file protein.tsv (TSV, C-alpha atoms (C1' of nucleotides))
chain	number	residue	atom	x	y	z
A	2	MET	CA	24.69	72.67	-120.13
A	3	THR	CA	21.12	71.77	-120.98
A	4	PRO	CA	19.01	73.22	-118.19
A	5	ILE	CA	15.96	71.02	-118.26
A	6	GLU	CA	14.24	70.59	-121.56
A	7	GLY	CA	10.53	71.02	-121.63
A	8	CYS	CA	10.15	72.98	-118.41
A	9	SER	CA	10.04	76.63	-119.36
A	10	THR	CA	10.19	77.55	-115.67
A	11	PHE	CA	13.83	76.59	-115.48
A	12	LEU	CA	14.62	78.24	-118.78
A	13	VAL	CA	13.35	81.46	-117.28
A	14	ARG	CA	15.34	80.88	-114.12
A	15	HIS	CA	18.57	80.44	-116.03
A	16	ALA	CA	17.83	83.46	-118.18
A	17	TRP	CA	17.20	85.55	-115.08
A	18	LEU	CA	20.36	84.41	-113.33
A	19	SER	CA	22.34	85.06	-116.46
A	20	LEU	CA	20.85	88.49	-117.06
A	21	ARG	CA	21.28	89.48	-113.45
A	22	GLY	CA	24.92	88.45	-113.62
A	23	VAL	CA	25.57	90.42	-116.77
A	24	VAL	CA	23.77	93.52	-115.51
A	25	ALA	CA	25.44	93.29	-112.11
A	26	GLU	CA	28.78	93.10	-113.83
A	27	ALA	CA	27.93	96.21	-115.83
A	28	LEU	CA	26.85	98.01	-112.64
A	29	VAL	CA	29.79	97.29	-110.35
A	30	ARG	CA	31.76	100.11	-111.88
A	31	HIS	CA	28.91	102.42	-110.92
A	32	ASP	CA	28.82	100.96	-107.42
A	33	LEU	CA	25.19	99.91	-107.70
A	34	SER	CA	23.43	96.62	-107.12
A	35	VAL	CA	20.81	95.43	-109.58
A	36	ALA	CA	18.03	96.14	-107.09
A	37	GLN	CA	19.39	99.59	-106.36
A	38	PHE	CA	19.57	100.38	-110.04
A	39	ALA	CA	15.95	99.30	-110.46
A	40	SER	CA	14.92	101.51	-107.55
A	41	LEU	CA	16.77	104.51	-108.94
A	42	LEU	CA	15.07	103.92	-112.28
A	43	MET	CA	11.64	103.84	-110.69
A	44	LEU	CA	12.20	106.79	-108.41
A	45	ASP	CA	13.32	108.83	-111.38
A	46	GLU	CA	10.15	107.89	-113.19
A	47	VAL	CA	7.81	108.37	-110.23
A	48	PRO	CA	9.37	110.59	-107.55
A	49	GLY	CA	7.98	110.58	-104.04
A	50	LEU	CA	7.25	106.87	-103.68
A	51	SER	CA	7.11	105.39	-100.20
A	52	VAL	CA	9.21	102.45	-99.04
A	53	ALA	CA	6.18	100.20	-99.36
A	54	ASP	CA	5.59	101.43	-102.90
A	55	VAL	CA	9.14	100.61	-103.89
A	56	ALA	CA	8.86	97.18	-102.30
A	57	ARG	CA	5.72	96.41	-104.29
A	58	LYS	CA	7.22	97.66	-107.54
A	59	VAL	CA	10.35	95.57	-107.29
A	60	SER	CA	8.48	92.58	-105.82
A	61	THR	CA	10.39	92.40	-102.59
A	62	ALA	CA	9.60	92.65	-98.89
A	63	ARG	CA	9.18	96.07	-97.29
A	64	GLN	CA	12.07	95.20	-95.03
A	65	SER	CA	14.41	94.38	-97.89
A	66	ALA	CA	13.44	97.52	-99.76
A	67	ASN	CA	14.05	99.57	-96.65
A	68	GLU	CA	17.56	98.16	-96.19
A	69	MET	CA	18.41	98.61	-99.84
A	70	LEU	CA	17.15	102.21	-99.81
A	71	GLY	CA	19.23	102.71	-96.69
A	72	GLY	CA	22.28	101.94	-98.80
A	73	LEU	CA	21.21	104.43	-101.43
A	74	GLU	CA	20.53	107.02	-98.75
A	75	ARG	CA	23.93	106.48	-97.13
A	76	ALA	CA	25.50	106.95	-100.55
A	77	GLY	CA	23.61	110.21	-100.88
A	78	LEU	CA	21.70	109.09	-103.97
A	79	VAL	CA	18.21	109.36	-102.47
A	80	GLU	CA	16.69	111.28	-99.61
A	81	ARG	CA	13.63	110.69	-97.46
A	82	ARG	CA	11.21	113.45	-96.65
A	83	PRO	CA	8.14	113.27	-94.47
A	84	HIS	CA	4.93	112.90	-96.42
A	85	PRO	CA	2.99	116.16	-96.28
A	86	SER	CA	-0.33	114.60	-95.33
A	87	ASP	CA	0.39	111.01	-94.21
A	88	ARG	CA	2.49	110.95	-91.08
A	89	ARG	CA	3.27	107.25	-91.41
A	90	THR	CA	5.04	107.37	-94.71
A	91	GLN	CA	8.24	108.93	-95.91
A	92	GLN	CA	8.53	110.04	-99.48
A	93	ILE	CA	11.71	109.10	-101.28
A	94	PHE	CA	13.31	111.35	-103.86
A	95	LEU	CA	16.41	111.13	-105.98
A	96	THR	CA	19.10	113.63	-105.11
A	97	ASP	CA	21.08	115.37	-107.81
A	98	ALA	CA	23.85	112.84	-107.22
A	99	GLY	CA	21.30	110.04	-107.62
A	100	ARG	CA	20.06	111.42	-110.91
A	101	GLN	CA	23.60	111.75	-112.14
A	102	ARG	CA	24.52	108.24	-111.07
A	103	LEU	CA	21.48	106.91	-112.88
A	104	ALA	CA	22.34	108.89	-115.98
A	105	GLU	CA	25.76	107.28	-115.95
A	106	ALA	CA	24.55	103.73	-115.32
A	107	LEU	CA	21.46	103.58	-117.51
A	108	PRO	CA	23.26	103.67	-120.88
A	109	THR	CA	25.53	100.87	-119.73
A	110	VAL	CA	22.60	98.62	-118.92
A	111	GLN	CA	20.74	99.57	-122.06
A	112	ALA	CA	23.81	98.80	-124.14
A	113	VAL	CA	24.11	95.38	-122.56
A	114	GLU	CA	20.46	94.58	-123.19
A	115	ALA	CA	20.65	95.87	-126.74
A	116	ARG	CA	23.68	93.70	-127.40
A	117	LEU	CA	21.86	90.65	-126.08
A	118	ALA	CA	18.71	91.34	-128.05
A	119	ALA	CA	20.63	91.76	-131.30
A	120	GLY	CA	19.39	89.35	-133.93
A	121	PHE	CA	15.77	89.38	-132.83
A	122	SER	CA	13.26	91.34	-134.83
A	123	PRO	CA	10.90	93.83	-133.17
A	124	ASP	CA	8.04	91.41	-133.80
A	125	GLU	CA	9.90	88.64	-132.03
A	126	ILE	CA	10.77	90.92	-129.13
A	127	ALA	CA	7.10	91.83	-128.88
A	128	VAL	CA	6.19	88.16	-128.64
A	129	VAL	CA	8.77	87.63	-125.93
A	130	ASN	CA	7.53	90.61	-123.96
A	131	ALA	CA	3.95	89.45	-124.28
A	132	TRP	CA	4.91	86.00	-123.05
A	133	LEU	CA	6.83	87.39	-120.11
A	134	HIS	CA	3.90	89.62	-119.22
A	135	ARG	CA	1.58	86.64	-119.35
A	136	MET	CA	3.79	84.73	-116.92
A	137	THR	CA	3.89	87.72	-114.60
A	138	GLU	CA	0.12	88.08	-114.61
A	139	ALA	CA	-0.24	84.41	-113.84
A	140	GLY	CA	1.70	84.86	-110.65
A	141	ALA	CA	-0.29	87.90	-109.62
A	142	ALA	CA	-3.50	85.97	-110.23
A	143	SER	CA	-2.36	82.97	-108.23
A	144	GLU	CA	-1.80	85.17	-105.20
A	145	GLU	CA	-5.48	85.84	-105.18
A	146	ILE	CA	-6.20	82.14	-104.80
A	147	PRO	CA	-3.58	81.25	-102.24
A	148	THR	CA	-5.14	78.21	-100.60
A	149	LEU	CA	-7.04	76.53	-103.38
B	13	MET	CA	1.92	97.14	-111.58
B	14	THR	CA	4.19	98.17	-114.41
B	15	PRO	CA	7.56	96.62	-113.61
B	16	ILE	CA	9.92	98.88	-115.50
B	17	GLU	CA	9.19	99.47	-119.13
B	18	GLY	CA	12.05	99.09	-121.53
B	19	CYS	CA	14.34	96.99	-119.33
B	20	SER	CA	13.78	93.39	-120.27
B	21	THR	CA	15.96	92.30	-117.35
B	22	PHE	CA	13.25	93.20	-114.89
B	23	LEU	CA	10.55	91.68	-117.03
B	24	VAL	CA	12.43	88.41	-116.81
B	25	ARG	CA	12.85	88.83	-113.08
B	26	HIS	CA	9.14	89.31	-112.53
B	27	ALA	CA	8.33	86.39	-114.78
B	28	TRP	CA	10.73	84.17	-112.85
B	29	LEU	CA	9.38	85.21	-109.46
B	30	SER	CA	5.86	84.67	-110.69
B	31	LEU	CA	6.59	81.27	-112.24
B	32	ARG	CA	8.50	80.15	-109.19
B	33	GLY	CA	5.59	81.14	-107.02
B	34	VAL	CA	3.07	79.28	-109.15
B	35	VAL	CA	5.21	76.17	-109.41
B	36	ALA	CA	6.04	76.23	-105.71
B	37	GLU	CA	2.37	76.46	-104.95
B	38	ALA	CA	1.73	73.43	-107.15
B	39	LEU	CA	4.54	71.52	-105.42
B	40	VAL	CA	3.69	72.11	-101.77
B	41	ARG	CA	1.15	69.33	-101.85
B	42	HIS	CA	3.94	67.01	-102.97
B	43	ASP	CA	6.21	68.34	-100.25
B	44	LEU	CA	8.88	69.44	-102.69
B	45	SER	CA	10.68	72.73	-103.21
B	46	VAL	CA	11.22	74.04	-106.71
B	47	ALA	CA	14.93	73.28	-106.54
B	48	GLN	CA	14.27	69.79	-105.24
B	49	PHE	CA	11.82	69.14	-108.05
B	50	ALA	CA	14.40	70.28	-110.58
B	51	SER	CA	16.99	67.97	-109.05
B	52	LEU	CA	14.64	65.01	-109.11
B	53	LEU	CA	13.89	65.74	-112.74
B	54	MET	CA	17.56	65.81	-113.64
B	55	LEU	CA	18.51	62.76	-111.62
B	56	ASP	CA	15.75	60.82	-113.33
B	57	GLU	CA	17.12	61.89	-116.68
B	58	VAL	CA	20.79	61.32	-115.85
B	59	PRO	CA	21.20	58.97	-112.86
B	60	GLY	CA	24.46	58.87	-110.99
B	61	LEU	CA	25.31	62.56	-111.01
B	62	SER	CA	27.61	63.90	-108.32
B	63	VAL	CA	26.75	66.76	-105.99
B	64	ALA	CA	28.97	69.06	-108.04
B	65	ASP	CA	27.17	67.98	-111.21
B	66	VAL	CA	23.81	68.79	-109.74
B	67	ALA	CA	25.08	72.16	-108.55
B	68	ARG	CA	26.29	73.05	-112.02
B	69	LYS	CA	23.08	71.91	-113.67
B	70	VAL	CA	20.81	73.95	-111.45
B	71	SER	CA	23.22	76.90	-111.36
B	72	THR	CA	23.75	76.95	-107.63
B	73	ALA	CA	26.67	76.56	-105.26
B	74	ARG	CA	27.92	73.07	-104.40
B	75	GLN	CA	27.10	73.81	-100.80
B	76	SER	CA	23.51	74.72	-101.55
B	77	ALA	CA	23.06	71.66	-103.72
B	78	ASN	CA	24.49	69.49	-100.98
B	79	GLU	CA	22.05	70.84	-98.40
B	80	MET	CA	19.10	70.50	-100.74
B	81	LEU	CA	20.07	66.93	-101.63
B	82	GLY	CA	20.38	66.27	-97.91
B	83	GLY	CA	16.71	67.09	-97.62
B	84	LEU	CA	15.84	64.73	-100.45
B	85	GLU	CA	18.00	62.04	-98.88
B	86	ARG	CA	16.37	62.47	-95.48
B	87	ALA	CA	13.01	62.12	-97.20
B	88	GLY	CA	14.22	58.88	-98.76
B	89	LEU	CA	13.82	60.15	-102.31
B	90	VAL	CA	17.47	59.89	-103.33
B	91	GLU	CA	20.43	57.87	-102.12
B	92	ARG	CA	24.16	58.42	-102.32
B	93	ARG	CA	26.51	55.66	-103.30
B	94	PRO	CA	30.27	55.81	-103.51
B	95	HIS	CA	31.58	56.28	-107.01
B	96	PRO	CA	33.14	53.02	-108.25
B	97	SER	CA	36.35	54.57	-109.51
B	98	ASP	CA	36.53	58.10	-108.05
B	99	ARG	CA	36.84	58.01	-104.30
B	100	ARG	CA	36.09	61.72	-103.92
B	101	THR	CA	32.63	61.73	-105.40
B	102	GLN	CA	29.36	60.21	-104.40
B	103	GLN	CA	26.89	59.21	-107.05
B	104	ILE	CA	23.30	60.18	-106.46
B	105	PHE	CA	20.41	58.00	-107.55
B	106	LEU	CA	16.67	58.27	-107.26
B	107	THR	CA	15.07	55.71	-105.01
B	108	ASP	CA	11.80	54.05	-105.95
B	109	ALA	CA	10.05	56.51	-103.66
B	110	GLY	CA	11.84	59.33	-105.45
B	111	ARG	CA	10.73	58.12	-108.85
B	112	GLN	CA	7.17	57.79	-107.61
B	113	ARG	CA	7.19	61.26	-106.06
B	114	LEU	CA	8.47	62.71	-109.32
B	115	ALA	CA	5.82	60.84	-111.29
B	116	GLU	CA	3.19	62.41	-109.06
B	117	ALA	CA	4.59	65.93	-109.18
B	118	LEU	CA	5.63	66.22	-112.80
B	119	PRO	CA	2.12	66.24	-114.34
B	120	THR	CA	1.11	68.96	-111.91
B	121	VAL	CA	3.94	71.22	-113.00
B	122	GLN	CA	3.41	70.44	-116.66
B	123	ALA	CA	-0.28	71.23	-116.34
B	124	VAL	CA	0.52	74.59	-114.77
B	125	GLU	CA	2.98	75.46	-117.49
B	126	ALA	CA	0.61	74.32	-120.21
B	127	ARG	CA	-2.15	76.46	-118.73
B	128	LEU	CA	0.13	79.49	-118.72
B	129	ALA	CA	1.37	78.93	-122.26
B	130	ALA	CA	-2.17	78.62	-123.61
B	131	GLY	CA	-2.83	81.17	-126.32
B	132	PHE	CA	0.69	81.14	-127.71
B	133	SER	CA	1.38	79.32	-130.94
B	134	PRO	CA	4.22	76.79	-131.23
B	135	ASP	CA	6.08	79.29	-133.39
B	136	GLU	CA	5.79	81.94	-130.74
B	137	ILE	CA	6.90	79.53	-128.03
B	138	ALA	CA	9.88	78.66	-130.18
B	139	VAL	CA	10.81	82.33	-130.41
B	140	VAL	CA	10.50	82.71	-126.65
B	141	ASN	CA	12.66	79.67	-126.02
B	142	ALA	CA	15.27	80.90	-128.47
B	143	TRP	CA	15.34	84.27	-126.74
B	144	LEU	CA	15.66	82.72	-123.30
B	145	HIS	CA	18.46	80.50	-124.53
B	146	ARG	CA	20.24	83.51	-125.98
B	147	MET	CA	20.07	85.28	-122.62
B	148	THR	CA	21.41	82.20	-120.87
B	149	GLU	CA	24.33	81.89	-123.25
B	150	ALA	CA	25.15	85.55	-122.74
B	151	GLY	CA	25.63	84.94	-119.05
B	152	ALA	CA	27.79	81.91	-119.62
B	153	ALA	CA	29.92	83.92	-122.03
B	154	SER	CA	30.31	86.82	-119.63
B	155	GLU	CA	31.77	84.50	-117.04
B	156	GLU	CA	34.65	83.91	-119.39
B	157	ILE	CA	35.43	87.63	-119.38
B	158	PRO	CA	35.05	88.37	-115.70
B	159	THR	CA	37.31	91.39	-115.32
B	160	LEU	CA	36.98	93.23	-118.58
C	17	DG	C1'	56.89	58.42	-110.41
C	18	DA	C1'	57.04	63.26	-108.71
C	19	DA	C1'	55.37	67.85	-108.87
C	20	DC	C1'	51.53	70.69	-110.17
C	21	DT	C1'	47.00	71.80	-110.96
C	22	DA	C1'	42.04	70.84	-110.78
C	23	DT	C1'	38.14	68.84	-108.65
C	24	DT	C1'	35.12	66.92	-104.91
C	25	DG	C1'	32.64	67.13	-100.70
C	26	DA	C1'	32.59	69.31	-96.47
C	27	DC	C1'	33.24	73.18	-92.90
C	28	DA	C1'	32.89	78.00	-91.11
C	29	DG	C1'	31.24	82.51	-91.62
C	30	DG	C1'	28.71	86.16	-93.89
C	31	DT	C1'	24.96	88.28	-96.67
C	32	DA	C1'	20.62	88.96	-98.51
C	33	DC	C1'	16.20	88.01	-98.22
C	34	DC	C1'	11.95	86.64	-95.95
C	35	DT	C1'	8.20	86.02	-92.26
C	36	DG	C1'	5.82	87.53	-88.16
C	37	DA	C1'	4.97	91.00	-85.04
C	38	DC	C1'	4.40	95.74	-83.19
C	39	DA	C1'	2.80	100.71	-82.40
C	40	DA	C1'	1.42	104.53	-85.02
C	41	DT	C1'	-1.44	106.19	-88.36
C	42	DC	C1'	-4.93	106.37	-91.93
C	43	DC	C1'	-9.45	105.26	-93.84
C	44	DT	C1'	-14.29	103.55	-93.84
C	45	DG	C1'	-18.99	102.49	-92.18
C	46	DC	C1'	-22.04	103.32	-88.83
D	27	DG	C1'	-17.29	110.96	-83.62
D	28	DC	C1'	-15.59	106.38	-83.27
D	29	DA	C1'	-14.83	101.31	-83.61
D	30	DG	C1'	-12.76	98.14	-86.97
D	31	DG	C1'	-9.83	97.12	-90.45
D	32	DA	C1'	-5.95	98.23	-93.46
D	33	DT	C1'	-1.33	100.30	-94.19
D	34	DT	C1'	3.33	102.19	-92.96
D	35	DG	C1'	7.90	101.82	-91.20
D	36	DT	C1'	10.52	99.14	-88.18
D	37	DC	C1'	12.25	95.36	-85.04
D	38	DA	C1'	13.46	90.48	-84.02
D	39	DG	C1'	14.41	86.08	-85.70
D	40	DG	C1'	14.91	82.55	-89.19
D	41	DT	C1'	16.10	80.59	-93.77
D	42	DA	C1'	18.40	80.04	-97.92
D	43	DC	C1'	22.01	81.07	-100.41
D	44	DC	C1'	26.81	82.45	-101.20
D	45	DT	C1'	32.05	82.92	-100.62
D	46	DG	C1'	36.34	81.25	-98.86
D	47	DT	C1'	38.72	77.54	-97.18
D	48	DC	C1'	40.34	72.85	-96.24
D	49	DA	C1'	42.06	67.82	-96.80
D	50	DA	C1'	41.54	64.16	-99.96
D	51	DT	C1'	41.72	62.60	-104.41
D	52	DA	C1'	42.16	62.68	-109.53
D	53	DG	C1'	44.35	63.99	-113.77
D	54	DT	C1'	48.62	66.06	-116.30
D	55	DT	C1'	53.28	67.14	-117.43
D	56	DC	C1'	57.77	66.34	-117.21
call {"tool": "encode", "arguments": {"input": "protein.tsv", "output": "structure tokens"}}
result
Amino acid sequence: MTPIEGCSTFLVRHAWLSLRGVVAEALVRHDLSVAQFASLLMLDEVPGLSVADVARKVSTARQSANEMLGGLERAGLVERRPHPSDRRTQQIFLTDAGRQRLAEALPTVQAVEARLAAGFSPDEIAVVNAWLHRMTEAGAASEEIPTL
Amino acid sequence: MTPIEGCSTFLVRHAWLSLRGVVAEALVRHDLSVAQFASLLMLDEVPGLSVADVARKVSTARQSANEMLGGLERAGLVERRPHPSDRRTQQIFLTDAGRQRLAEALPTVQAVEARLAAGFSPDEIAVVNAWLHRMTEAGAASEEIPTL
DNA sequence: GAACTATTGACAGGTACCTGACAATCCTGC
DNA sequence: GCAGGATTGTCAGGTACCTGTCAATAGTTC
């Protein structure tokens, strides 16, 4: 039961696996994977992203993002349009069905997260978020010094 | 750069990916994967675990654990011995080389984590750990209600 | 002690993800 | 302009992980 005391890395791993499981469970009824839900969320916030943009935002390979978006496209939730000025890239937009699907799924996920966060004060949540951000930055920084 | 504001799930995901990257980078020089390091750490703490035990502790499939332990065994860092009373299971023990490898790698990982946690007070770290534990428990609980 | 269930380690097969490469295209410095 | 480098979407191939299954063994109930 005890992950590995003292190594916060593995605490974070277990938390991520657990959260992913819970969110995935909440999303199956909406026929969405966790990654697809994240993409829908981002594309709703910033329409017209390219495949490469999505890949960077969700921290995955361009290839993986492309395949995942293929699923969303086949389901009719997003559509690709040629970029008006850059002939390499395709812009990705949510369809009406995509927006509706997101509107259905988002409250479910938010409810799950709210339920899990119950019992923690806003101050504590702020500390947690700050800590998580710090960890994330650390990784981004280490990429800049790959072979040290 | 902004993962997805408001959804802590994706904050945790980015933190995990980042931490894994940093730790993996620190472990390459010791020729260990993150999962292998975790297994060494556990087997040092609780010698004689079975493959299934290791799988449960690191939250992975028995199969995956078996393959990963195969790598450690081929490297001479662990050894399998038949269980004295249960003829199904094999007990896994660290070899002297395994203990030495762990002793070399552990300070590296601890230094990385200490560097990342710098600037957070013990109280704040305690809050973070409590929050991570809460998330982990949530996942374990949801497994008990798979089809609700 | 016999039947039933659960568990262990292994096997096969599939899935998701990644890396490395490529032509096409954009951008920048000269 | 135009050569050089960077970026985009895509292809091929590999790796790591998972699920589903199996015989062998252990524990449980009657």
call {"tool": "atom_distance", "arguments": {"input": "protein.tsv", "atom1": "CA of Leu42 (chain A)", "atom2": "CA of Thr148 (chain B)"}}
result
24.2 Å
call {"tool": "residues_around", "arguments": {"input": "protein.tsv", "residues": "DG25 (chain C)", "least_positions_apart": "4", "cutoff": "9 Å", "atoms": "only C-alpha atoms (C1' of nucleotides)", "output": "PyMOL selection string"}}
result
chain B and resi 63-64+74-75+78+100-102
call {"tool": "interface_residues", "arguments": {"input": "protein.tsv", "of": "chain B", "to": "chain D", "cutoff": "8 Å", "atoms": "all atoms listed in the file", "output": "list in words"}}
result
Ala73, Ser76, Asp98, Arg99 and Arg100 of chain B
call {"tool": "write_last_selection", "arguments": {"input": "protein.tsv", "atoms": "C-alpha atoms", "output": "mmCIF file, keeping the file's coordinate frame"}}
result
data_model
loop_
_atom_site.group_PDB
_atom_site.id
_atom_site.type_symbol
_atom_site.label_atom_id
_atom_site.label_comp_id
_atom_site.auth_asym_id
_atom_site.auth_seq_id
_atom_site.Cartn_x
_atom_site.Cartn_y
_atom_site.Cartn_z
ATOM 1 C CA ALA B 73 26.670 76.560 -105.260
ATOM 2 C CA SER B 76 23.510 74.720 -101.550
ATOM 3 C CA ASP B 98 36.530 58.100 -108.050
ATOM 4 C CA ARG B 99 36.840 58.010 -104.300
ATOM 5 C CA ARG B 100 36.090 61.720 -103.920
#
call {"tool": "closest_atom_pairs", "arguments": {"input": "protein.tsv", "of": "chain B", "to": "chain A", "cutoff": "6 Å", "atoms": "all atoms listed in the file", "output": "CSV"}}
result
residue,atom,partner,partner_atom,distance
B:Val24,CA,A:Trp17,CA,5.8
B:Arg25,CA,A:Trp17,CA,5.8
B:His26,CA,A:Thr137,CA,5.9
B:Ala27,CA,A:Thr137,CA,4.6
B:Trp28,CA,A:Arg14,CA,5.8
B:Ser30,CA,A:Gly140,CA,4.2
B:Val34,CA,A:Gly140,CA,5.9
B:Val140,CA,A:Val129,CA,5.3
B:Leu144,CA,A:Ala16,CA,5.6
B:Met147,CA,A:Ala16,CA,5.3
B:Thr148,CA,A:Ala16,CA,4.7
B:Gly151,CA,A:Ser19,CA,4.2
call {"tool": "calpha_fit_and_write", "arguments": {"input": "protein.tsv", "fixed": "chain B", "moving": "chain A", "output": "compact mmCIF listing (two decimals) with C-alpha atoms, in the frame of the given file"}}
result
# COMPACT_ATOMS: atom_id res chain seq x y z
CA MET A 2 1.91 97.17 -111.58
CA THR A 3 4.18 98.15 -114.44
CA PRO A 4 7.55 96.62 -113.64
CA ILE A 5 9.92 98.86 -115.51
CA GLU A 6 9.20 99.45 -119.14
CA GLY A 7 12.05 99.08 -121.53
CA CYS A 8 14.33 96.99 -119.33
CA SER A 9 13.77 93.39 -120.29
CA THR A 10 15.95 92.32 -117.36
CA PHE A 11 13.24 93.22 -114.90
CA LEU A 12 10.54 91.69 -117.04
CA VAL A 13 12.42 88.43 -116.80
CA ARG A 14 12.85 88.85 -113.07
CA HIS A 15 9.14 89.33 -112.52
CA ALA A 16 8.33 86.41 -114.78
CA TRP A 17 10.73 84.20 -112.84
CA LEU A 18 9.37 85.22 -109.46
CA SER A 19 5.86 84.67 -110.69
CA LEU A 20 6.60 81.29 -112.23
CA ARG A 21 8.50 80.15 -109.18
CA GLY A 22 5.57 81.13 -107.00
CA VAL A 23 3.07 79.28 -109.13
CA VAL A 24 5.22 76.16 -109.40
CA ALA A 25 6.04 76.23 -105.69
CA GLU A 26 2.36 76.44 -104.94
CA ALA A 27 1.73 73.43 -107.16
CA LEU A 28 4.54 71.52 -105.42
CA VAL A 29 3.68 72.10 -101.77
CA ARG A 30 1.15 69.32 -101.84
CA HIS A 31 3.94 67.01 -102.97
CA ASP A 32 6.22 68.33 -100.24
CA LEU A 33 8.89 69.44 -102.68
CA SER A 34 10.68 72.73 -103.19
CA VAL A 35 11.20 74.06 -106.70
CA ALA A 36 14.92 73.29 -106.52
CA GLN A 37 14.26 69.79 -105.24
CA PHE A 38 11.81 69.15 -108.03
CA ALA A 39 14.39 70.29 -110.58
CA SER A 40 16.98 67.98 -109.04
CA LEU A 41 14.63 65.02 -109.09
CA LEU A 42 13.88 65.76 -112.73
CA MET A 43 17.55 65.83 -113.63
CA LEU A 44 18.50 62.78 -111.62
CA ASP A 45 15.74 60.85 -113.32
CA GLU A 46 17.10 61.91 -116.68
CA VAL A 47 20.77 61.34 -115.85
CA PRO A 48 21.19 58.99 -112.87
CA GLY A 49 24.47 58.88 -111.00
CA LEU A 50 25.32 62.58 -111.03
CA SER A 51 27.62 63.92 -108.34
CA VAL A 52 26.75 66.78 -106.01
CA ALA A 53 28.94 69.09 -108.06
CA ASP A 54 27.18 68.01 -111.24
CA VAL A 55 23.80 68.82 -109.76
CA ALA A 56 25.06 72.18 -108.55
CA ARG A 57 26.28 73.08 -112.04
CA LYS A 58 23.06 71.94 -113.69
CA VAL A 59 20.80 73.97 -111.45
CA SER A 60 23.22 76.93 -111.35
CA THR A 61 23.75 76.95 -107.63
CA ALA A 62 26.67 76.56 -105.25
CA ARG A 63 27.95 73.09 -104.40
CA GLN A 64 27.12 73.82 -100.80
CA SER A 65 23.52 74.72 -101.54
CA ALA A 66 23.06 71.68 -103.73
CA ASN A 67 24.50 69.49 -101.00
CA GLU A 68 22.07 70.83 -98.40
CA MET A 69 19.12 70.52 -100.73
CA LEU A 70 20.07 66.94 -101.64
CA GLY A 71 20.38 66.28 -97.93
CA GLY A 72 16.70 67.09 -97.64
CA LEU A 73 15.85 64.73 -100.46
CA GLU A 74 18.02 62.04 -98.90
CA ARG A 75 16.39 62.47 -95.49
CA ALA A 76 13.02 62.11 -97.19
CA GLY A 77 14.24 58.90 -98.76
CA LEU A 78 13.82 60.17 -102.32
CA VAL A 79 17.48 59.89 -103.34
CA GLU A 80 20.42 57.88 -102.14
CA ARG A 81 24.16 58.42 -102.35
CA ARG A 82 26.52 55.67 -103.34
CA PRO A 83 30.28 55.80 -103.55
CA HIS A 84 31.58 56.30 -107.06
CA PRO A 85 33.13 53.06 -108.29
CA SER A 86 36.34 54.63 -109.56
CA ASP A 87 36.53 58.16 -108.09
CA ARG A 88 36.84 58.06 -104.34
CA ARG A 89 36.08 61.76 -103.96
CA THR A 90 32.64 61.75 -105.43
CA GLN A 91 29.37 60.19 -104.43
CA GLN A 92 26.89 59.23 -107.08
CA ILE A 93 23.30 60.19 -106.46
CA PHE A 94 20.41 58.03 -107.57
CA LEU A 95 16.67 58.29 -107.27
CA THR A 96 15.07 55.72 -105.02
CA ASP A 97 11.82 54.06 -105.96
CA ALA A 98 10.06 56.52 -103.66
CA GLY A 99 11.84 59.37 -105.46
CA ARG A 100 10.73 58.15 -108.85
CA GLN A 101 7.20 57.81 -107.61
CA ARG A 102 7.19 61.27 -106.06
CA LEU A 103 8.46 62.71 -109.32
CA ALA A 104 5.82 60.85 -111.28
CA GLU A 105 3.19 62.40 -109.06
CA ALA A 106 4.58 65.94 -109.18
CA LEU A 107 5.63 66.23 -112.81
CA PRO A 108 2.12 66.25 -114.32
CA THR A 109 1.10 68.96 -111.89
CA VAL A 110 3.93 71.22 -113.00
CA GLN A 111 3.41 70.43 -116.64
CA ALA A 112 -0.28 71.24 -116.32
CA VAL A 113 0.52 74.58 -114.76
CA GLU A 114 2.99 75.46 -117.50
CA ALA A 115 0.61 74.31 -120.20
CA ARG A 116 -2.14 76.46 -118.74
CA LEU A 117 0.15 79.48 -118.72
CA ALA A 118 1.37 78.92 -122.25
CA ALA A 119 -2.17 78.60 -123.60
CA GLY A 120 -2.81 81.14 -126.33
CA PHE A 121 0.71 81.11 -127.74
CA SER A 122 1.39 79.27 -130.94
CA PRO A 123 4.23 76.75 -131.22
CA ASP A 124 6.11 79.23 -133.40
CA GLU A 125 5.80 81.90 -130.75
CA ILE A 126 6.90 79.50 -128.03
CA ALA A 127 9.91 78.63 -130.17
CA VAL A 128 10.82 82.30 -130.40
CA VAL A 129 10.51 82.68 -126.65
CA ASN A 130 12.66 79.64 -126.01
CA ALA A 131 15.27 80.87 -128.45
CA TRP A 132 15.34 84.25 -126.75
CA LEU A 133 15.66 82.71 -123.32
CA HIS A 134 18.47 80.49 -124.54
CA ARG A 135 20.24 83.51 -125.97
CA MET A 136 20.06 85.29 -122.62
CA THR A 137 21.39 82.20 -120.87
CA GLU A 138 24.32 81.90 -123.25
CA ALA A 139 25.14 85.54 -122.72
CA GLY A 140 25.61 84.93 -119.04
CA ALA A 141 27.76 81.88 -119.60
CA ALA A 142 29.92 83.88 -122.00
CA SER A 143 30.32 86.78 -119.61
CA GLU A 144 31.74 84.45 -116.99
CA GLU A 145 34.62 83.83 -119.30
CA ILE A 146 35.47 87.53 -119.30
CA PRO A 147 35.03 88.27 -115.63
CA THR A 148 37.32 91.27 -115.20
CA LEU A 149 37.09 93.08 -118.49
call {"tool": "atom_distance", "arguments": {"input": "protein.tsv", "atom1": "CA of Ala98 (chain A)", "atom2": "CA of Leu78 (chain A)"}}
result
5.4 Å
call {"tool": "closest_atom_pairs", "arguments": {"input": "protein.tsv", "of": "chain C", "to": "chain B", "cutoff": "9 Å", "atoms": "only C-alpha atoms (C1' of nucleotides)", "output": "Markdown table"}}
result
| residue | atom | partner | partner_atom | distance |
| --- | --- | --- | --- | --- |
| C:DT23 | C1' | B:Arg100 | CA | 8.8 |
| C:DT24 | C1' | B:Arg100 | CA | 5.4 |
| C:DG25 | C1' | B:Thr101 | CA | 7.2 |
| C:DA26 | C1' | B:Gln75 | CA | 8.3 |
